[in-house]
file coords_3.cif (mmCIF, C-alpha atoms and all ligand atoms)
data_structure
#
loop_
_atom_site.label_atom_id
_atom_site.label_comp_id
_atom_site.auth_asym_id
_atom_site.auth_seq_id
_atom_site.Cartn_x
_atom_site.Cartn_y
_atom_site.Cartn_z
CA MET A 126 -27.32 -87.04 14.49
CA LYS A 127 -25.03 -90.00 14.07
CA ARG A 128 -21.74 -88.17 14.32
CA SER A 129 -20.76 -89.85 11.05
CA LYS A 130 -19.36 -86.74 9.43
CA ALA A 131 -16.97 -84.42 11.20
CA GLU A 132 -14.48 -81.98 9.78
CA LEU A 133 -12.38 -79.05 10.86
CA LEU A 134 -13.91 -76.06 9.08
CA ILE A 135 -11.35 -73.51 10.15
CA SER A 136 -8.77 -72.65 12.79
CA ALA A 137 -9.63 -69.01 13.19
CA VAL A 138 -7.15 -66.44 14.45
CA SER A 139 -9.60 -63.57 14.24
CA PRO A 140 -13.39 -63.10 14.24
CA ASP A 141 -13.58 -62.29 10.53
CA GLN A 142 -12.66 -65.94 9.90
CA PHE A 143 -15.51 -67.40 11.95
CA PRO A 144 -17.92 -69.53 9.87
CA THR A 145 -20.97 -67.67 8.61
CA LYS A 146 -23.35 -70.55 7.83
CA GLY A 147 -25.26 -69.95 11.05
CA LEU A 148 -25.22 -73.54 12.35
CA PRO A 149 -25.72 -73.84 16.13
CA GLU A 150 -22.47 -73.89 18.06
CA ILE A 151 -21.31 -75.48 21.30
CA ALA A 152 -18.04 -74.13 22.67
CA LEU A 153 -15.48 -76.05 24.71
CA ALA A 154 -13.62 -74.31 27.47
CA GLY A 155 -10.93 -75.59 29.79
CA ARG A 156 -7.37 -75.26 30.96
CA SER A 157 -4.59 -76.03 28.49
CA ASN A 158 -3.84 -79.72 28.47
CA VAL A 159 -6.99 -80.65 30.36
CA GLY A 160 -8.08 -82.91 27.51
CA LYS A 161 -10.36 -80.82 25.29
CA SER A 162 -8.96 -82.19 22.03
CA SER A 163 -9.21 -85.72 23.38
CA PHE A 164 -12.80 -85.01 24.41
CA ILE A 165 -13.67 -83.91 20.87
CA ASN A 166 -11.99 -86.94 19.32
CA ALA A 167 -13.66 -89.38 21.72
CA LEU A 168 -17.07 -87.74 21.37
CA LEU A 169 -16.92 -87.87 17.59
CA ASN A 170 -15.30 -91.32 17.47
CA ARG A 171 -12.22 -90.01 15.69
CA LYS A 172 -8.60 -90.58 16.49
CA LYS A 173 -6.98 -87.44 15.19
CA LEU A 174 -9.63 -84.91 14.23
CA ALA A 175 -8.54 -82.56 16.99
CA ARG A 176 -4.81 -82.44 17.64
CA THR A 177 -3.86 -83.68 21.08
CA SER A 178 -0.57 -83.01 22.71
CA SER A 179 1.32 -83.65 25.88
CA LYS A 180 2.67 -80.11 25.54
CA PRO A 181 0.20 -77.59 26.90
CA GLY A 182 -0.79 -74.39 25.24
CA LYS A 183 -0.35 -75.10 21.56
CA THR A 184 -3.89 -74.14 20.59
CA ARG A 185 -4.03 -70.44 19.94
CA THR A 186 -6.93 -70.46 17.56
CA LEU A 187 -10.65 -71.01 17.75
CA ASN A 188 -11.16 -74.33 15.98
CA PHE A 189 -14.57 -74.92 14.42
CA TYR A 190 -15.52 -78.58 13.89
CA GLU A 191 -18.67 -79.19 11.89
CA VAL A 192 -20.60 -82.35 12.78
CA ASP A 193 -23.16 -83.96 10.45
CA GLU A 194 -23.74 -80.61 8.76
CA SER A 195 -25.91 -79.68 11.76
CA LEU A 196 -23.73 -78.50 14.60
CA ILE A 197 -20.37 -76.89 15.15
CA LEU A 198 -18.12 -77.69 18.13
CA VAL A 199 -15.82 -74.79 18.86
CA ASP A 200 -12.57 -75.51 20.64
CA VAL A 201 -11.60 -72.35 22.47
CA PRO A 202 -7.92 -71.76 23.35
CA GLY A 203 -7.08 -73.27 26.71
CA TYR A 204 -6.61 -70.89 29.61
CA GLY A 205 -4.08 -71.12 32.40
CA TYR A 206 -1.01 -71.60 30.27
CA ALA A 207 1.82 -69.80 31.98
CA LYS A 208 4.45 -69.68 29.28
CA VAL A 209 2.95 -66.99 27.08
CA SER A 210 3.39 -63.28 27.38
CA LYS A 211 0.84 -61.13 29.16
CA ALA A 212 0.09 -59.38 25.88
CA GLU A 213 -0.68 -62.65 24.15
CA LYS A 214 -2.85 -63.83 27.04
CA ALA A 215 -4.76 -60.59 26.86
CA ARG A 216 -5.24 -61.00 23.11
CA TRP A 217 -6.63 -64.56 23.52
CA GLY A 218 -8.78 -63.40 26.38
CA ARG A 219 -10.32 -60.68 24.25
CA MET A 220 -10.97 -63.04 21.37
CA ILE A 221 -12.59 -65.64 23.64
CA GLU A 222 -14.64 -63.01 25.42
CA HIS A 223 -15.75 -61.46 22.17
CA TYR A 224 -16.78 -64.86 20.87
CA LEU A 225 -18.65 -65.93 24.03
CA MET A 226 -20.42 -62.61 24.44
CA THR A 227 -21.47 -61.88 20.91
CA ARG A 228 -21.91 -65.14 19.06
CA GLU A 229 -25.60 -65.44 18.29
CA GLN A 230 -25.57 -69.10 17.31
CA LEU A 231 -23.78 -70.15 20.53
CA ARG A 232 -26.14 -72.52 22.39
CA GLY A 233 -23.98 -73.51 25.30
CA VAL A 234 -20.54 -74.30 26.65
CA VAL A 235 -18.89 -77.54 27.68
CA GLN A 236 -16.42 -76.77 30.46
CA VAL A 237 -13.79 -79.48 30.79
CA ILE A 238 -12.18 -80.02 34.20
CA ASP A 239 -9.62 -82.60 35.34
CA ILE A 240 -11.49 -84.88 37.74
CA ARG A 241 -8.35 -85.48 39.82
CA HIS A 242 -7.76 -81.93 41.04
CA PRO A 243 -9.80 -79.19 42.69
CA PRO A 244 -10.85 -76.55 40.14
CA THR A 245 -8.33 -73.73 39.79
CA ASP A 246 -9.15 -70.05 40.24
CA GLU A 247 -9.29 -69.74 36.47
CA ASP A 248 -11.76 -72.64 36.24
CA VAL A 249 -13.96 -70.89 38.80
CA GLN A 250 -13.67 -67.57 36.96
CA MET A 251 -14.65 -69.21 33.69
CA TYR A 252 -17.67 -70.93 35.26
CA GLN A 253 -18.85 -67.70 36.86
CA TYR A 254 -18.27 -65.78 33.69
CA LEU A 255 -20.38 -68.23 31.68
CA LYS A 256 -23.10 -68.08 34.32
CA HIS A 257 -23.01 -64.30 34.23
CA PHE A 258 -23.77 -64.37 30.52
CA GLU A 259 -26.48 -66.97 31.16
CA LEU A 260 -24.91 -69.53 28.88
CA PRO A 261 -26.05 -73.11 29.46
CA ILE A 262 -23.12 -75.17 30.76
CA ILE A 263 -22.24 -78.84 30.77
CA ILE A 264 -19.34 -79.76 33.06
CA ILE A 265 -17.15 -82.61 31.92
CA THR A 266 -14.87 -84.09 34.57
CA THR A 267 -12.32 -85.86 32.42
CA LYS A 268 -9.46 -88.34 32.87
CA ALA A 269 -11.74 -90.44 35.09
CA ASP A 270 -9.75 -93.52 34.08
CA LYS A 271 -6.92 -92.15 36.22
CA LEU A 272 -9.03 -92.62 39.37
CA SER A 273 -10.48 -95.82 40.73
CA LYS A 274 -14.25 -96.03 40.46
CA ASN A 275 -14.89 -95.68 44.17
CA LYS A 276 -12.90 -92.44 44.35
CA ARG A 277 -14.80 -90.71 41.58
CA PRO A 278 -17.89 -89.53 43.52
CA LYS A 279 -15.70 -87.71 46.04
CA HIS A 280 -13.88 -85.95 43.23
CA VAL A 281 -17.10 -85.00 41.46
CA LYS A 282 -18.23 -83.42 44.71
CA GLN A 283 -14.92 -81.55 44.93
CA VAL A 284 -15.48 -80.16 41.44
CA ARG A 285 -19.12 -79.27 42.14
CA GLU A 286 -18.25 -77.48 45.34
CA GLY A 287 -15.07 -75.87 44.01
CA LEU A 288 -16.87 -74.33 41.05
CA GLY A 289 -20.07 -73.67 42.93
CA VAL A 290 -22.03 -75.59 40.29
CA ARG A 291 -25.71 -74.76 40.27
CA LYS A 292 -28.29 -77.51 40.46
CA GLU A 293 -29.37 -77.02 36.87
CA ASP A 294 -25.92 -77.82 35.48
CA LYS A 295 -24.95 -81.37 34.66
CA VAL A 296 -21.61 -82.83 35.72
CA ILE A 297 -20.58 -85.78 33.57
CA VAL A 298 -17.79 -88.19 34.49
CA PHE A 299 -15.75 -88.73 31.36
CA SER A 300 -12.73 -90.57 30.00
CA ALA A 301 -11.35 -90.16 26.52
CA GLU A 302 -9.33 -93.32 27.14
CA THR A 303 -12.27 -95.62 27.86
CA GLY A 304 -15.15 -93.70 26.28
CA LEU A 305 -16.90 -93.39 29.65
CA GLY A 306 -19.56 -90.67 29.57
CA LYS A 307 -19.31 -90.19 25.82
CA ASP A 308 -22.91 -90.92 24.96
CA GLU A 309 -24.24 -89.00 27.94
CA ALA A 310 -22.16 -85.99 26.90
CA TRP A 311 -23.46 -86.20 23.38
CA GLN A 312 -27.08 -86.43 24.59
CA GLU A 313 -26.62 -83.33 26.70
CA ILE A 314 -25.08 -81.43 23.80
CA VAL A 315 -27.94 -82.41 21.49
CA ALA A 316 -30.43 -81.39 24.19
CA LEU A 317 -28.96 -77.88 24.19
CA LEU A 318 -29.70 -77.58 20.49
CA SER A 319 -33.41 -78.17 20.94
CA ASP A 320 -33.85 -75.87 23.95
P1 LIG B 1 -6.06 -80.05 25.39
O1 LIG B 1 -4.83 -79.19 25.45
O2 LIG B 1 -7.06 -79.61 26.41
O3 LIG B 1 -6.65 -80.17 24.02
O4 LIG B 1 -5.61 -81.51 25.88
P2 LIG B 1 -5.32 -82.86 25.05
O5 LIG B 1 -6.59 -83.46 24.56
O6 LIG B 1 -4.25 -82.57 24.04
O7 LIG B 1 -4.80 -83.81 26.23
C1 LIG B 1 -3.66 -83.51 26.99
C2 LIG B 1 -3.02 -84.80 27.49
O8 LIG B 1 -3.91 -85.49 28.35
C3 LIG B 1 -2.69 -85.78 26.35
O9 LIG B 1 -1.47 -86.43 26.68
C4 LIG B 1 -3.84 -86.76 26.39
O10 LIG B 1 -3.51 -88.05 25.90
C5 LIG B 1 -4.19 -86.80 27.86
N1 LIG B 1 -5.62 -87.11 28.09
C6 LIG B 1 -6.67 -86.40 27.64
N2 LIG B 1 -7.84 -86.96 28.03
C7 LIG B 1 -7.52 -88.06 28.75
C8 LIG B 1 -8.29 -89.08 29.45
O11 LIG B 1 -9.53 -89.08 29.48
N3 LIG B 1 -7.57 -90.04 30.10
C9 LIG B 1 -6.21 -90.08 30.11
N4 LIG B 1 -5.62 -91.06 30.79
N5 LIG B 1 -5.47 -89.14 29.47
C10 LIG B 1 -6.10 -88.16 28.80
#
call {"tool": "encode", "arguments": {"input": "coords_3.cif", "output": "C-alpha cells", "more": "lines below"}}
Ligand code: GDP
result
Amino acid sequence: MKRSKAELLISAVSPDQFPTKGLPEIALAGRSNVGKSSFINALLNRKKLARTSSKPGKTRTLNFYEVDESLILVDVPGYGYAKVSKAEKARWGRMIEHYLMTREQLRGVVQVIDIRHPPTDEDVQMYQYLKHFELPIIIITTKADKLSKNKRPKHVKQVREGLGVRKEDKVIVFSAETGLGKDEAWQEIVALLSD
C-alpha cells in the first residue's frame, strides 16, 4: 500500500452510518487534542485530510478514512474533554464502546499519548480496556519534537510504566511536525492487517 489514495468516507454520528464494505479497520484512540488528526495527516502524507485544531474536543463523530481502497482508519472521539455534559460523555462512551466491542473488521487500535506527560487515568483505563477485549495495540508517543532527543527514552519509559504496557505492544516515538516514526507506524499498522 502506497498511501496514495485517502479519503474521508463518513463522519458517523451513529452505528447505522458505519461503512459496510467490510474493509479491515484500525481505530485511533487518545485524549482530545493529543494529536490524533495530526497523526492521520502525517501518516497519510496529507495536510488537511483530518481536521486539526488547537481547541480540544471538537470531534464528536467516528471518522472513517479509507486508504488505498484496502484499509480504513477510524478516528474515535477523543476522551478526557472536560467541557461537555455528563450525558454527552456517556453517549460518546457508549458509541465508542459499542464500536470497539462489536466491530468485526476491527484489527487493532493505535493509542496516541503525549510523550511529554505521564499517561492520565483515562489513558490507563483505555489501554486496559483494549487489553481486556484482546485488541492488538500500537502505542504512539507523539509530539516528540517538543522534547530533546536525549530526553525521549526517559519519557517513553514513563509512558510504558504508566500504562503498564505489555512486552508484546510496540511503543513508537512519533512527531507529526517532523515525520519521525511515520514509516514505522505505518509498517506496524500494515502488519496488523496480515495477522
Ligand atoms: P486531536 O484533537 O487529537 O485530533 O489533535 P490535533 O491533531 O488537532 O492536534 C492538537 C494540537 O496539537 C494542534 O495544535 C496540533 O498542531 C498540535 N500537534 C499535534 N501533533 C503534534 C506534533 O507531533 N508536534 C507538535 N509540535 N504539535 C503537534
call {"tool": "residues_near_ligand", "arguments": {"input": "coords_3.cif", "ligand": "ligand LIG 1 (chain B)", "cutoff": "10 Å", "atoms": "all atoms listed in the file", "output": "PyMOL selection string"}}
result
chain A and resi 153-167+175-184+200-204+206+237-240+266-272+298-305
call {"tool": "residues_near_point", "arguments": {"input": "coords_3.cif", "point": "(-28.9, -76.0, 18.6)", "cutoff": "10 Å", "atoms": "only C-alpha atoms", "output": "list in words"}}
result
Leu148, Pro149, Glu150, Ile151, Ser195, Leu196, Ile197, Gln230, Leu231, Arg232, Gly233, Ile314, Val315, Ala316, Leu317, Leu318, Ser319 and Asp320 of chain A
call {"tool": "closest_residue", "arguments": {"input": "coords_3.cif", "among": "A:Gly289, A:Pro144, A:Gly306, A:Gly218", "to": "Pro243 (chain A)", "atoms": "only C-alpha atoms"}}
result
A:Gly289
call {"tool": "closest_residue", "arguments": {"input": "coords_3.cif", "among": "A:Ala152, A:Val281, A:Leu168, A:Ile264", "to": "Arg228 (chain A)", "atoms": "all atoms listed in the file"}}
result
A:Ala152
call {"tool": "closest_residue", "arguments": {"input": "coords_3.cif", "among": "A:Ala137, A:Ala131, A:Ile297, A:Val209", "to": "Gln312 (chain A)", "atoms": "only C-alpha atoms"}}
result
A:Ile297
call {"tool": "atom_distance", "arguments": {"input": "coords_3.cif", "atom1": "CA of Lys172 (chain A)", "atom2": "CA of Lys130 (chain A)"}}
result
13.4 Å
call {"tool": "axis_aligned_box", "arguments": {"input": "coords_3.cif", "around": "region 286-301 of chain A", "padding_each_side": "3 Å", "output": "AutoDock Vina command-line options"}}
result
--center_x -20.4 --center_y -82.1 --center_z 35.9 --size_x 24.0 --size_y 22.9 --size_z 24.8
call {"tool": "residues_around", "arguments": {"input": "coords_3.cif", "residues": "Thr186 (chain A)", "least_positions_apart": "6", "cutoff": "12 Å", "atoms": "all atoms listed in the file", "output": "list in words"}}
result
Ile135, Ser136, Ala137, Val138, Ser139, Pro140, Gln142, Phe143, Val199, Asp200, Val201, Pro202, Gly203, Glu213, Arg216, Trp217, Gly218, Met220, Ile221 and Tyr224 of chain A
call {"tool": "closest_residue", "arguments": {"input": "coords_3.cif", "among": "A:Glu132, A:Tyr254, A:Glu259, A:Val234", "to": "Asn188 (chain A)", "atoms": "all atoms listed in the file"}}
result
A:Glu132
call {"tool": "atom_distance", "arguments": {"input": "coords_3.cif", "atom1": "CA of Ile262 (chain A)", "atom2": "CA of Lys211 (chain A)"}}
result
27.8 Å
call {"tool": "closest_residue", "arguments": {"input": "coords_3.cif", "among": "A:Ser210, A:Gln253, A:Gln236, A:Ser129", "to": "Ile265 (chain A)", "atoms": "only C-alpha atoms"}}
result
A:Gln236
call {"tool": "closest_residue", "arguments": {"input": "coords_3.cif", "among": "A:Lys282, A:His242, A:Arg128, A:Lys274", "to": "Glu191 (chain A)", "atoms": "only C-alpha atoms"}}
result
A:Arg128
call {"tool": "atom_distance", "arguments": {"input": "coords_3.cif", "atom1": "CA of Glu222 (chain A)", "atom2": "CA of Asp248 (chain A)"}}
result
14.8 Å
call {"tool": "build_atoms", "arguments": {"input": "coords_3.cif", "residues": "region 263-277 of chain A", "atoms": "N, CA and C atoms", "output": "mmCIF file, in the coordinates of the input"}}
result
data_model
loop_
_atom_site.group_PDB
_atom_site.id
_atom_site.type_symbol
_atom_site.label_atom_id
_atom_site.label_comp_id
_atom_site.auth_asym_id
_atom_site.auth_seq_id
_atom_site.Cartn_x
_atom_site.Cartn_y
_atom_site.Cartn_z
ATOM 1 N N ILE A 263 -22.388 -77.427 30.422
ATOM 2 C CA ILE A 263 -22.240 -78.840 30.770
ATOM 3 C C ILE A 263 -20.805 -78.985 31.303
ATOM 4 N N ILE A 264 -20.675 -79.545 32.507
ATOM 5 C CA ILE A 264 -19.340 -79.760 33.060
ATOM 6 C C ILE A 264 -18.897 -81.191 32.760
ATOM 7 N N ILE A 265 -17.730 -81.302 32.175
ATOM 8 C CA ILE A 265 -17.150 -82.610 31.920
ATOM 9 C C ILE A 265 -15.960 -82.788 32.854
ATOM 10 N N THR A 266 -16.040 -83.788 33.732
ATOM 11 C CA THR A 266 -14.870 -84.090 34.570
ATOM 12 C C THR A 266 -14.138 -85.235 33.879
ATOM 13 N N THR A 267 -13.000 -84.891 33.291
ATOM 14 C CA THR A 267 -12.320 -85.860 32.420
ATOM 15 C C THR A 267 -11.146 -86.550 33.104
ATOM 16 N N LYS A 268 -10.572 -87.498 32.396
ATOM 17 C CA LYS A 268 -9.460 -88.340 32.870
ATOM 18 C C LYS A 268 -9.899 -89.228 34.036
ATOM 19 N N ALA A 269 -11.187 -89.601 34.018
ATOM 20 C CA ALA A 269 -11.740 -90.440 35.090
ATOM 21 C C ALA A 269 -11.025 -91.785 35.174
ATOM 22 N N ASP A 270 -10.461 -92.227 34.050
ATOM 23 C CA ASP A 270 -9.750 -93.520 34.080
ATOM 24 C C ASP A 270 -8.531 -93.475 34.997
ATOM 25 N N LYS A 271 -8.077 -92.275 35.341
ATOM 26 C CA LYS A 271 -6.920 -92.150 36.220
ATOM 27 C C LYS A 271 -7.283 -92.290 37.702
ATOM 28 N N LEU A 272 -8.573 -92.412 37.977
ATOM 29 C CA LEU A 272 -9.030 -92.620 39.370
ATOM 30 C C LEU A 272 -9.790 -93.933 39.445
ATOM 31 N N SER A 273 -9.676 -94.607 40.580
ATOM 32 C CA SER A 273 -10.480 -95.820 40.730
ATOM 33 C C SER A 273 -11.947 -95.414 40.864
ATOM 34 N N LYS A 274 -12.818 -96.324 40.497
ATOM 35 C CA LYS A 274 -14.250 -96.030 40.460
ATOM 36 C C LYS A 274 -14.778 -95.480 41.783
ATOM 37 N N ASN A 275 -14.323 -96.082 42.877
ATOM 38 C CA ASN A 275 -14.890 -95.680 44.170
ATOM 39 C C ASN A 275 -14.414 -94.295 44.625
ATOM 40 N N LYS A 276 -13.361 -93.797 43.997
ATOM 41 C CA LYS A 276 -12.900 -92.440 44.350
ATOM 42 C C LYS A 276 -13.628 -91.360 43.561
ATOM 43 N N ARG A 277 -14.251 -91.729 42.482
ATOM 44 C CA ARG A 277 -14.800 -90.710 41.580
ATOM 45 C C ARG A 277 -15.877 -89.824 42.215
#
